[in-house]
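S.K.: The structure file start04.tsv (TSV, C-alpha atoms) is provided below.
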```
chain	number	residue	atom	x	y	z
S	257	MET	CA	0.00	0.00	0.00
S	258	SER	CA	1.36	3.47	-0.86
S	259	LEU	CA	1.99	5.90	1.99
S	260	ALA	CA	-0.79	8.16	0.69
S	261	ALA	CA	-3.30	5.29	0.68
S	262	SER	CA	-2.15	4.16	4.12
S	263	GLN	CA	-2.65	7.63	5.60
S	264	ALA	CA	-6.09	8.00	3.96
S	265	ALA	CA	-7.03	4.66	5.52
S	266	PHE	CA	-5.75	5.81	8.92
S	267	GLN	CA	-7.79	9.01	8.59
S	268	ALA	CA	-10.92	6.91	7.87
S	269	TRP	CA	-10.26	5.06	11.12
S	270	LEU	CA	-9.93	8.28	13.13
S	271	GLN	CA	-12.94	10.01	11.62
S	272	GLN	CA	-15.39	7.22	10.86
S	273	ALA	CA	-14.10	4.33	13.02
S	274	ASP	CA	-13.66	2.42	9.75
S	275	ASP	CA	-10.66	0.11	10.17
S	276	ALA	CA	-11.22	-1.96	7.01
S	277	GLY	CA	-8.40	-0.18	5.17
S	278	ILE	CA	-5.78	0.23	7.87
S	279	ALA	CA	-6.13	-2.83	10.17
S	280	PRO	CA	-4.91	-5.46	7.65
S	281	THR	CA	-1.68	-3.45	7.08
S	282	LEU	CA	-0.66	-3.55	10.75
S	283	ALA	CA	1.42	-6.07	12.67
S	284	ASP	CA	-1.20	-6.00	15.48
S	285	PRO	CA	-4.25	-3.72	15.10
S	286	ARG	CA	-5.18	-3.68	18.79
S	287	GLY	CA	-3.32	-0.42	19.40
S	288	LEU	CA	-5.51	1.43	16.88
S	289	SER	CA	-8.07	2.33	19.54
S	290	VAL	CA	-5.45	4.42	21.35
S	291	TYR	CA	-5.23	6.71	18.32
S	292	GLN	CA	-8.96	7.11	17.95
S	293	ASN	CA	-9.26	7.82	21.65
S	294	ASN	CA	-6.47	10.44	21.46
S	295	TYR	CA	-8.12	12.10	18.46
S	296	ARG	CA	-11.60	12.36	19.95
S	297	VAL	CA	-10.57	13.12	23.52
S	298	SER	CA	-8.23	15.96	22.53
S	299	LEU	CA	-10.92	17.63	20.41
S	300	MET	CA	-13.63	17.17	23.05
S	301	ALA	CA	-11.30	18.52	25.76
S	302	CYS	CA	-10.48	21.49	23.55
S	303	LEU	CA	-14.19	22.34	23.27
S	304	SER	CA	-14.91	21.93	26.98
S	305	GLU	CA	-11.92	24.12	27.90
S	306	ALA	CA	-13.10	26.82	25.49
S	307	PHE	CA	-16.74	26.71	26.68
S	308	PRO	CA	-16.60	26.16	30.47
S	309	HIS	CA	-19.81	28.13	31.12
S	310	THR	CA	-21.74	26.27	28.43
S	311	LEU	CA	-20.50	23.00	29.93
S	312	ALA	CA	-21.63	24.04	33.41
S	313	TRP	CA	-25.01	25.21	32.10
S	314	LEU	CA	-25.77	22.19	29.89
S	315	GLY	CA	-24.22	19.56	32.15
S	316	ALA	CA	-21.53	17.07	31.11
S	317	GLU	CA	-23.80	14.62	29.31
S	318	ALA	CA	-25.55	17.10	27.02
S	319	PHE	CA	-22.32	19.00	26.38
S	320	GLU	CA	-20.45	15.82	25.44
S	321	GLY	CA	-23.24	14.83	23.07
S	322	ALA	CA	-22.99	18.18	21.33
S	323	ALA	CA	-19.20	18.06	21.29
S	324	ALA	CA	-19.19	14.54	19.81
S	325	ARG	CA	-21.59	15.70	17.09
S	326	HIS	CA	-19.30	18.66	16.35
S	327	VAL	CA	-16.21	16.41	16.16
S	328	ASP	CA	-18.01	14.10	13.69
S	329	ALA	CA	-19.22	16.95	11.48
S	330	HIS	CA	-16.16	19.23	11.65
S	331	PRO	CA	-12.75	17.56	11.53
S	332	PRO	CA	-10.00	20.05	12.45
S	333	ARG	CA	-8.42	21.99	9.61
S	334	SER	CA	-5.99	24.31	11.42
S	335	PHE	CA	-2.47	23.51	12.63
S	336	THR	CA	-3.43	24.81	16.06
S	337	LEU	CA	-6.12	23.43	18.35
S	338	ASP	CA	-6.69	27.03	19.49
S	339	ALA	CA	-8.74	27.48	16.30
S	340	TYR	CA	-10.92	24.41	16.80
S	341	PRO	CA	-13.61	25.91	19.08
S	342	GLN	CA	-14.56	28.39	16.33
S	343	GLY	CA	-17.78	27.10	14.84
S	344	PHE	CA	-18.95	25.16	17.89
S	345	VAL	CA	-21.51	27.87	18.58
S	346	GLU	CA	-23.20	27.02	15.25
S	347	THR	CA	-23.36	23.36	16.24
S	348	LEU	CA	-24.91	24.31	19.59
S	349	ARG	CA	-27.40	26.57	17.82
S	350	ALA	CA	-28.36	23.79	15.41
S	351	ILE	CA	-29.08	21.43	18.31
S	352	TRP	CA	-30.97	23.83	20.60
J	166	MET	CA	29.67	19.88	13.71
J	167	PRO	CA	30.03	20.41	17.48
J	168	SER	CA	27.03	21.75	19.34
J	169	PRO	CA	27.14	25.53	19.80
J	170	HIS	CA	25.44	24.96	23.14
J	171	PHE	CA	28.24	23.20	24.96
J	172	GLY	CA	27.71	21.66	28.39
J	173	PRO	CA	24.65	20.07	29.96
J	174	HIS	CA	21.50	22.14	30.43
J	175	PHE	CA	18.46	21.26	32.51
J	176	GLY	CA	15.07	22.72	31.76
J	177	LEU	CA	11.31	22.38	31.83
J	178	GLY	CA	8.45	22.65	29.41
J	179	LEU	CA	6.83	26.07	29.92
J	180	ARG	CA	3.15	25.45	30.70
J	181	LYS	CA	0.33	27.88	31.52
J	182	PRO	CA	0.09	27.04	35.27
J	183	HIS	CA	3.72	28.18	35.61
J	184	TYR	CA	3.66	31.40	33.55
J	185	ALA	CA	3.37	33.42	36.76
J	186	ASP	CA	6.44	31.66	38.25
J	187	PHE	CA	8.58	32.47	35.23
J	188	LEU	CA	7.40	36.10	35.01
J	189	GLY	CA	7.49	37.00	38.71
J	190	GLY	CA	3.69	37.20	38.76
J	191	ASP	CA	3.61	39.84	36.00
J	192	VAL	CA	0.92	38.15	33.88
J	193	ALA	CA	-2.83	38.45	33.42
J	194	VAL	CA	-4.68	37.60	36.60
J	195	ASP	CA	-6.19	34.38	35.22
J	196	PHE	CA	-2.66	32.92	35.02
J	197	VAL	CA	-1.82	33.68	38.68
J	198	PRO	CA	-2.66	30.97	41.25
J	199	VAL	CA	-4.36	32.22	44.42
J	200	ASP	CA	-1.45	31.12	46.64
J	201	PHE	CA	1.21	32.51	44.30
J	202	VAL	CA	4.61	33.43	45.81
J	203	PRO	CA	6.95	35.23	43.39
J	204	VAL	CA	10.61	34.19	42.97
J	205	ASP	CA	13.34	36.21	41.22
J	206	PHE	CA	14.54	33.37	39.05
J	207	VAL	CA	13.41	29.81	38.43
J	208	PRO	CA	16.49	27.53	38.64
J	209	VAL	CA	16.38	26.13	35.10
J	210	ASP	CA	18.87	26.59	32.26
J	211	PHE	CA	16.17	26.82	29.59
J	212	VAL	CA	12.48	26.35	28.87
J	213	GLU	CA	10.83	24.59	25.97
J	214	VAL	CA	7.51	25.71	24.51
J	215	ILE	CA	5.05	24.13	22.10
J	216	SER	CA	5.67	26.18	18.93
J	217	GLU	CA	2.05	26.15	17.72
J	218	ASN	CA	0.83	27.85	20.91
J	219	PHE	CA	2.89	30.92	19.96
J	220	MET	CA	2.80	30.98	16.17
J	221	VAL	CA	0.00	33.51	15.85
J	222	PRO	CA	1.79	36.89	15.72
J	223	GLY	CA	0.83	39.51	18.28
J	224	GLY	CA	-1.42	38.84	21.22
J	225	ARG	CA	-0.88	37.63	24.74
J	226	PRO	CA	0.95	34.30	24.17
J	227	ARG	CA	3.64	35.89	22.02
J	228	ASP	CA	4.13	38.69	24.56
J	229	ILE	CA	4.52	36.14	27.37
J	230	LEU	CA	7.07	34.18	25.35
J	231	ARG	CA	9.11	37.29	24.51
J	232	ARG	CA	9.29	38.23	28.18
J	233	VAL	CA	10.26	34.71	29.27
J	234	ARG	CA	12.88	34.68	26.49
J	235	ALA	CA	14.47	37.81	27.98
J	236	ASP	CA	15.49	35.72	31.02
J	237	TYR	CA	15.77	32.13	29.75
J	238	PRO	CA	17.01	30.38	26.60
J	239	VAL	CA	14.06	28.84	24.74
J	240	ALA	CA	13.70	25.64	22.69
J	241	LEU	CA	10.82	25.48	20.20
J	242	HIS	CA	9.06	22.12	20.08
J	243	GLY	CA	6.50	21.61	17.32
J	244	VAL	CA	3.70	19.09	16.99
J	245	SER	CA	2.19	19.97	13.58
J	246	LEU	CA	5.05	20.13	11.04
J	247	SER	CA	4.05	16.63	9.92
J	248	VAL	CA	7.31	15.58	8.27
J	249	GLY	CA	5.69	12.26	7.34
J	250	SER	CA	2.67	13.65	5.44
J	251	ALA	CA	2.14	11.95	2.09
J	252	SER	CA	0.40	15.19	1.01
J	253	GLY	CA	3.53	17.32	1.53
J	254	LEU	CA	4.55	20.11	3.87
J	255	ASP	CA	2.34	23.13	4.58
J	256	ALA	CA	4.14	26.24	3.26
J	257	ASP	CA	2.00	28.62	5.36
J	258	TYR	CA	2.84	26.67	8.50
J	259	LEU	CA	6.56	26.84	7.70
J	260	ARG	CA	6.38	30.60	7.10
J	261	ALA	CA	4.67	31.13	10.47
J	262	LEU	CA	7.23	28.91	12.19
J	263	ARG	CA	10.09	30.80	10.51
J	264	ALA	CA	8.67	34.09	11.77
J	265	LEU	CA	8.53	32.67	15.31
J	266	VAL	CA	12.11	31.38	15.00
J	267	ASP	CA	13.31	34.82	13.84
J	268	ASP	CA	11.48	36.47	16.73
J	269	VAL	CA	12.54	34.09	19.54
J	270	GLU	CA	16.01	33.01	18.36
J	271	PRO	CA	15.59	29.61	19.98
J	272	ALA	CA	18.42	27.28	20.98
J	273	PHE	CA	16.71	24.41	19.11
J	274	VAL	CA	13.74	23.78	16.84
J	275	SER	CA	12.23	20.31	16.92
J	276	ASP	CA	9.28	18.20	15.81
J	277	HIS	CA	8.39	14.51	15.68
J	278	LEU	CA	8.97	11.52	13.42
J	279	CYS	CA	5.31	11.07	12.53
J	280	TRP	CA	2.51	12.47	10.42
J	281	THR	CA	-0.29	14.63	11.78
J	282	ARG	CA	-1.95	16.07	8.67
J	283	LEU	CA	-3.28	14.74	5.37
J	284	GLY	CA	-4.40	17.45	2.97
J	285	ALA	CA	-6.63	19.79	4.96
J	286	PHE	CA	-7.27	17.24	7.73
J	287	GLN	CA	-5.35	17.90	10.96
J	288	SER	CA	-5.40	15.04	13.47
J	289	HIS	CA	-3.60	16.87	16.31
J	290	ASP	CA	-2.04	13.54	17.17
J	291	LEU	CA	1.37	12.04	16.40
J	292	LEU	CA	0.43	9.28	13.97
J	293	PRO	CA	2.76	6.38	13.15
J	294	LEU	CA	4.74	5.93	9.96
J	295	PRO	CA	5.67	2.65	8.31
J	296	TYR	CA	9.44	2.31	8.42
J	297	THR	CA	9.92	1.73	4.70
J	298	ALA	CA	12.30	3.10	2.06
J	299	GLU	CA	9.37	5.08	0.62
J	300	ALA	CA	8.60	6.76	3.95
J	301	LEU	CA	12.31	7.41	4.61
J	302	ALA	CA	12.77	9.16	1.24
J	303	LEU	CA	9.70	11.30	1.89
J	304	VAL	CA	10.68	12.25	5.47
J	305	CYS	CA	14.24	13.08	4.36
J	306	ALA	CA	12.92	15.35	1.58
J	307	HIS	CA	10.61	17.10	4.06
J	308	VAL	CA	13.29	17.54	6.74
J	309	ASP	CA	15.62	18.97	4.05
J	310	ALA	CA	12.90	21.38	2.94
J	311	ALA	CA	12.05	22.39	6.51
J	312	GLN	CA	15.72	23.04	7.35
J	313	MET	CA	16.00	25.18	4.21
J	314	ALA	CA	12.82	27.13	5.04
J	315	LEU	CA	13.91	27.72	8.63
J	316	GLY	CA	17.54	28.42	7.75
J	317	ARG	CA	18.80	26.11	10.48
J	318	GLN	CA	19.09	22.56	11.73
J	319	MET	CA	16.01	20.78	13.02
J	320	LEU	CA	15.86	18.12	15.70
J	321	ILE	CA	13.57	15.15	15.13
J	322	GLU	CA	12.06	13.32	18.10
J	323	ASN	CA	11.28	9.60	18.32
J	324	PRO	CA	7.53	9.15	18.98
J	325	SER	CA	5.63	6.77	21.21
J	326	SER	CA	3.62	4.36	19.07
J	327	TYR	CA	0.84	1.82	19.56
J	328	VAL	CA	0.82	0.04	16.21
J	329	SER	CA	3.53	-0.99	13.76
J	330	PHE	CA	3.19	-1.86	10.10
J	331	ALA	CA	3.48	-5.33	8.59
J	332	GLU	CA	5.45	-3.86	5.68
J	333	ASP	CA	8.19	-2.32	7.89
J	334	GLU	CA	11.57	-2.71	6.22
J	335	MET	CA	13.74	-1.36	9.04
J	336	THR	CA	13.60	-0.58	12.76
J	337	GLU	CA	12.84	2.88	14.11
J	338	TRP	CA	16.47	3.33	15.18
J	339	GLU	CA	17.70	2.40	11.70
J	340	PHE	CA	15.20	4.86	10.22
J	341	LEU	CA	16.40	7.65	12.52
J	342	GLY	CA	20.05	6.84	11.83
J	343	GLU	CA	19.48	7.09	8.07
J	344	LEU	CA	17.51	10.31	8.53
J	345	VAL	CA	20.40	11.90	10.42
J	346	ALA	CA	22.97	10.67	7.90
J	347	ARG	CA	21.02	11.94	4.88
J	348	THR	CA	19.75	15.31	6.16
J	349	GLY	CA	22.16	16.41	8.88
J	350	CYS	CA	19.26	16.89	11.25
J	351	GLY	CA	19.79	16.40	14.97
J	352	LEU	CA	17.83	14.18	17.33
J	353	LEU	CA	15.63	14.90	20.29
J	354	LEU	CA	15.66	11.63	22.17
J	355	ASP	CA	12.59	11.03	24.32
J	356	VAL	CA	13.65	8.18	26.58
J	357	ASN	CA	10.09	7.71	27.87
J	358	ASN	CA	8.94	7.20	24.28
J	359	ILE	CA	11.66	4.58	23.79
J	360	HIS	CA	10.46	2.76	26.92
J	361	VAL	CA	6.79	2.98	25.86
J	362	SER	CA	7.39	1.80	22.29
J	363	ALA	CA	9.79	-0.93	23.41
J	364	HIS	CA	7.05	-2.34	25.63
J	365	ASN	CA	4.32	-1.99	23.00
J	366	HIS	CA	6.37	-3.54	20.19
J	367	SER	CA	8.49	-5.97	22.23
J	368	PHE	CA	11.92	-4.65	21.35
J	369	ASP	CA	14.91	-4.15	23.63
J	370	PRO	CA	15.41	-0.48	24.55
J	371	ALA	CA	19.13	-1.20	25.04
J	372	ALA	CA	19.37	-2.26	21.39
J	373	TYR	CA	17.65	1.00	20.42
J	374	LEU	CA	20.10	3.12	22.41
J	375	ALA	CA	23.08	1.12	21.19
J	376	ALA	CA	22.23	2.03	17.58
J	377	ILE	CA	21.46	5.74	18.04
J	378	PRO	CA	24.05	8.17	16.57
J	379	PHE	CA	24.59	10.02	19.84
J	380	ASP	CA	26.72	12.73	18.21
J	381	ALA	CA	23.42	13.99	16.77
J	382	VAL	CA	21.47	13.98	20.06
J	383	ARG	CA	20.98	17.60	21.14
J	384	GLN	CA	18.00	17.28	23.45
J	385	ILE	CA	16.58	14.62	25.78
J	386	HIS	CA	12.98	14.51	27.00
J	387	LEU	CA	11.93	12.86	30.25
J	388	ALA	CA	8.29	12.02	31.00
J	389	GLY	CA	5.95	9.47	32.47
J	390	HIS	CA	3.31	7.17	31.03
J	391	THR	CA	0.27	5.07	31.97
J	392	ALA	CA	-0.39	1.33	31.57
J	393	ARG	CA	-3.74	0.27	30.10
J	394	THR	CA	-5.15	-3.11	29.18
J	395	ILE	CA	-6.49	-3.04	25.62
J	396	GLU	CA	-8.24	-6.14	24.30
J	397	GLY	CA	-6.38	-8.34	26.75
J	398	ARG	CA	-2.98	-6.81	26.09
J	399	GLU	CA	-1.14	-4.43	28.44
J	400	MET	CA	0.00	-1.37	26.56
J	401	LEU	CA	1.89	1.68	27.77
J	402	ILE	CA	0.35	5.00	26.79
J	403	ASP	CA	2.46	8.15	26.48
J	404	THR	CA	0.25	10.32	28.68
J	405	HIS	CA	2.92	12.75	29.95
J	406	ASP	CA	0.85	13.13	33.11
J	407	GLN	CA	2.96	11.19	35.62
J	408	PRO	CA	6.37	11.53	37.29
J	409	VAL	CA	9.35	9.98	35.50
J	410	PRO	CA	9.43	6.27	36.51
J	411	ASP	CA	12.56	4.21	37.32
J	412	PRO	CA	12.94	2.38	33.97
J	413	VAL	CA	12.94	5.76	32.20
J	414	TRP	CA	15.58	7.13	34.60
J	415	ARG	CA	17.75	4.09	33.77
J	416	LEU	CA	17.48	4.83	30.04
J	417	PHE	CA	18.30	8.46	30.79
J	418	ALA	CA	21.49	7.45	32.62
J	419	GLU	CA	22.65	5.62	29.49
J	420	ALA	CA	21.57	8.42	27.15
J	421	ILE	CA	23.21	11.25	29.10
J	422	THR	CA	26.40	9.20	29.40
J	423	ARG	CA	26.58	8.98	25.62
J	424	ALA	CA	25.32	12.54	24.92
J	425	PRO	CA	26.76	14.46	27.89
J	426	HIS	CA	26.06	17.85	26.31
J	427	ALA	CA	22.43	17.24	25.46
J	428	TRP	CA	19.86	19.63	26.90
J	429	THR	CA	17.58	17.63	29.22
J	430	MET	CA	14.08	18.48	30.33
J	431	ILE	CA	10.99	17.17	32.06
J	432	GLU	CA	8.03	17.25	29.70
J	433	ARG	CA	4.79	17.26	31.69
J	434	ASP	CA	1.73	18.04	29.56
J	435	ASP	CA	-1.17	17.02	31.76
J	436	ASN	CA	-1.96	16.67	35.47
J	437	ILE	CA	0.59	19.48	35.88
J	438	PRO	CA	1.89	19.79	39.46
J	439	GLU	CA	3.32	22.82	41.21
J	440	LEU	CA	6.60	24.03	39.81
J	441	ALA	CA	8.51	22.90	42.93
J	442	GLU	CA	7.61	19.28	42.22
J	443	LEU	CA	8.97	19.46	38.66
J	444	LEU	CA	12.12	21.26	39.89
J	445	ALA	CA	12.69	18.41	42.37
J	446	GLU	CA	12.34	15.93	39.53
J	447	LEU	CA	14.80	17.96	37.47
J	448	ASP	CA	17.30	17.73	40.35
J	449	ILE	CA	17.17	13.94	40.00
J	450	ALA	CA	18.11	14.36	36.34
J	451	ARG	CA	21.00	16.62	37.37
J	452	ASP	CA	22.22	14.03	39.90
J	453	ILE	CA	22.07	11.21	37.35
J	454	ALA	CA	23.91	13.29	34.74
J	455	HIS	CA	26.51	14.32	37.30
J	456	GLN	CA	27.05	10.71	38.33
J	457	ALA	CA	27.27	9.61	34.70
J	458	ALA	CA	29.89	12.28	34.01
J	459	ALA	CA	31.91	11.27	37.09
J	460	ASP	CA	31.74	7.58	36.18
J	461	HIS	CA	32.94	8.24	32.65
J	462	GLN	CA	35.20	11.22	33.41
J	463	VAL	CA	33.46	13.32	30.82
J	464	PRO	CA	34.04	17.04	31.33
J	465	ALA	CA	30.62	18.34	32.32
```
Kindly return the structure encoded in the file as structure tokens.
M.R.:
Amino acid sequence: MSLAASQAAFQAWLQQADDAGIAPTLADPRGLSVYQNNYRVSLMACLSEAFPHTLAWLGAEAFEGAAARHVDAHPPRSFTLDAYPQGFVETLRAIW
Amino acid sequence: MPSPHFGPHFGLGLRKPHYADFLGGDVAVDFVPVDFVPVDFVPVDFVEVISENFMVPGGRPRDILRRVRADYPVALHGVSLSVGSASGLDADYLRALRALVDDVEPAFVSDHLCWTRLGAFQSHDLLPLPYTAEALALVCAHVDAAQMALGRQMLIENPSSYVSFAEDEMTEWEFLGELVARTGCGLLLDVNNIHVSAHNHSFDPAAYLAAIPFDAVRQIHLAGHTARTIEGREMLIDTHDQPVPDPVWRLFAEAITRAPHAWTMIERDDNIPELAELLAELDIARDIAHQAAADHQVPA
């Protein structure tokens, strides 16, 4: 598999939890979940740190639901996580 | 080429909870802990910052970094260069990093042996590369290009990893050795990452260290990790939220013996304790380095 194809397959795992492309290329695929956990947890933590009052007001469960929906719909496109919370307000508005 | 930064240095990663310590309390009130006691000087030889946190020109972060830089040498440590991206380097990112380098005049500029970005997608995680001739050629071309764009040597850090590729054609240490030989880059050796990856991929960390070109090692990172059971298998996760454990100190003793002039630091990214606790940990590193120098009669 070319490096470009391998990285596209890895991206599909991170974003869509689709391991059909990447798992067969690995010596042992069990470590894959660490990467998906890192990806989602860092984005969710970024949103909760940027919106502490919203988190307190909505409660953890509702906030995490909204954050998870945002992570699914808006993969990060900036080199810095500082930019990631931009746009979360629109997701919140769409839900409530 | 000998290091221009001769002699051992001991430092810390500069993190938000400690901004007030490094600036004598002269920071915005939300950075000052309620029980803050100012000191004139924090006993470190340098600080390292995450480059991306300071790459936006102007604003509060850049001002804080400039003022810290007035009192302490700074190393820039990046997480988003993505030298392993199959979609190429990001020219805008490199321009912003160059501007930061020109502003801060850092002792070192580093990033990781990994990929983080594919096209417009940014994972914000250090993703693993297959250790193949194809990946090596690509990483070498990107490190060359980055060194040209920055006008200086880069250091490349060994990552922690949780999967390896069936098509691997060489070990990580062989990959790094070739990278150094072909590009003239330096190495940032994270001895915690060696311990973590050695456990996860069942290799001998001593074999790793034995093969590293230590003349190229300019920086050493120390950190902790967490054990987790994943589908019946115990894996070590590079959480950087724990004190440095004994096996990592043992690897450090070997590394600092072979690279006695490397700049060493504690890299704590999460569960960040009071500065005094990290300074005490840094004293252990000083003791180990001192002992290593005495044992091997290396001028320190």
S.K.: Which residue is closest to chain S? Choose from J:Val269, J:Val413, J:Leu262, J:Val274 and count all atoms listed in the file.
M.R.: J:Leu262
S.K.: Residues of chain S within 6 Å of chain J, counting all atoms listed in the file, what are they? List them as a PyMOL selection string.
M.R.: chain S and resi 260+281-283+287+332-333+335-336
S.K.: If you keep C-alpha atoms, can you produce a file of those selected residues as a JSON list (two decimals), in the frame of the given file?
M.R.:
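Writing the result to out.json gives the following:
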```json
[["chain", "number", "residue", "atom", "x", "y", "z"],
["S", 260, "ALA", "CA", -0.79, 8.16, 0.69],
["S", 281, "THR", "CA", -1.68, -3.45, 7.08],
["S", 282, "LEU", "CA", -0.66, -3.55, 10.75],
["S", 283, "ALA", "CA", 1.42, -6.07, 12.67],
["S", 287, "GLY", "CA", -3.32, -0.42, 19.40],
["S", 332, "PRO", "CA", -10.00, 20.05, 12.45],
["S", 333, "ARG", "CA", -8.42, 21.99, 9.61],
["S", 335, "PHE", "CA", -2.47, 23.51, 12.63],
["S", 336, "THR", "CA", -3.43, 24.81, 16.06]]
```
S.K.: Just give me the gap between atom CA of J:Gly351 and atom CA of J:Cys279 in Å, one decimal is fine.
M.R.: 15.6 Å
S.K.: Tell me which of J:Ala441, J:Met430, J:Leu387, J:Leu401 sits closest to J:Leu416, counting all atoms listed in the file.
M.R.: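 Among the listed residues, J:Leu387 lies closest to J:Leu416.
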S.K.: Within 9 Å of stretch 322-325 of chain S, counting all atoms listed in the file, which residues show up once you throw out same-chain ones fewer than 6 positions away? Write them as number ranges by chain, please.
M.R.: S: 296, 299-300, 303-304, 344, 347-348, 351
S.K.: Can you list, as a PyMOL selection string, every protein, DNA or RNA residue that comes within 9 Å of J:Val207 when you count all atoms listed in the file, leaving out same-chain residues fewer than 6 positions away?
M.R.: chain J and resi 186-187+444
S.K.: So which residues touch J:Arg433 within 7 Å, counting all atoms listed in the file, skipping near sequence neighbours fewer than 4 positions away, as a PyMOL selection string?
M.R.: chain J and resi 178+388+405-406+437
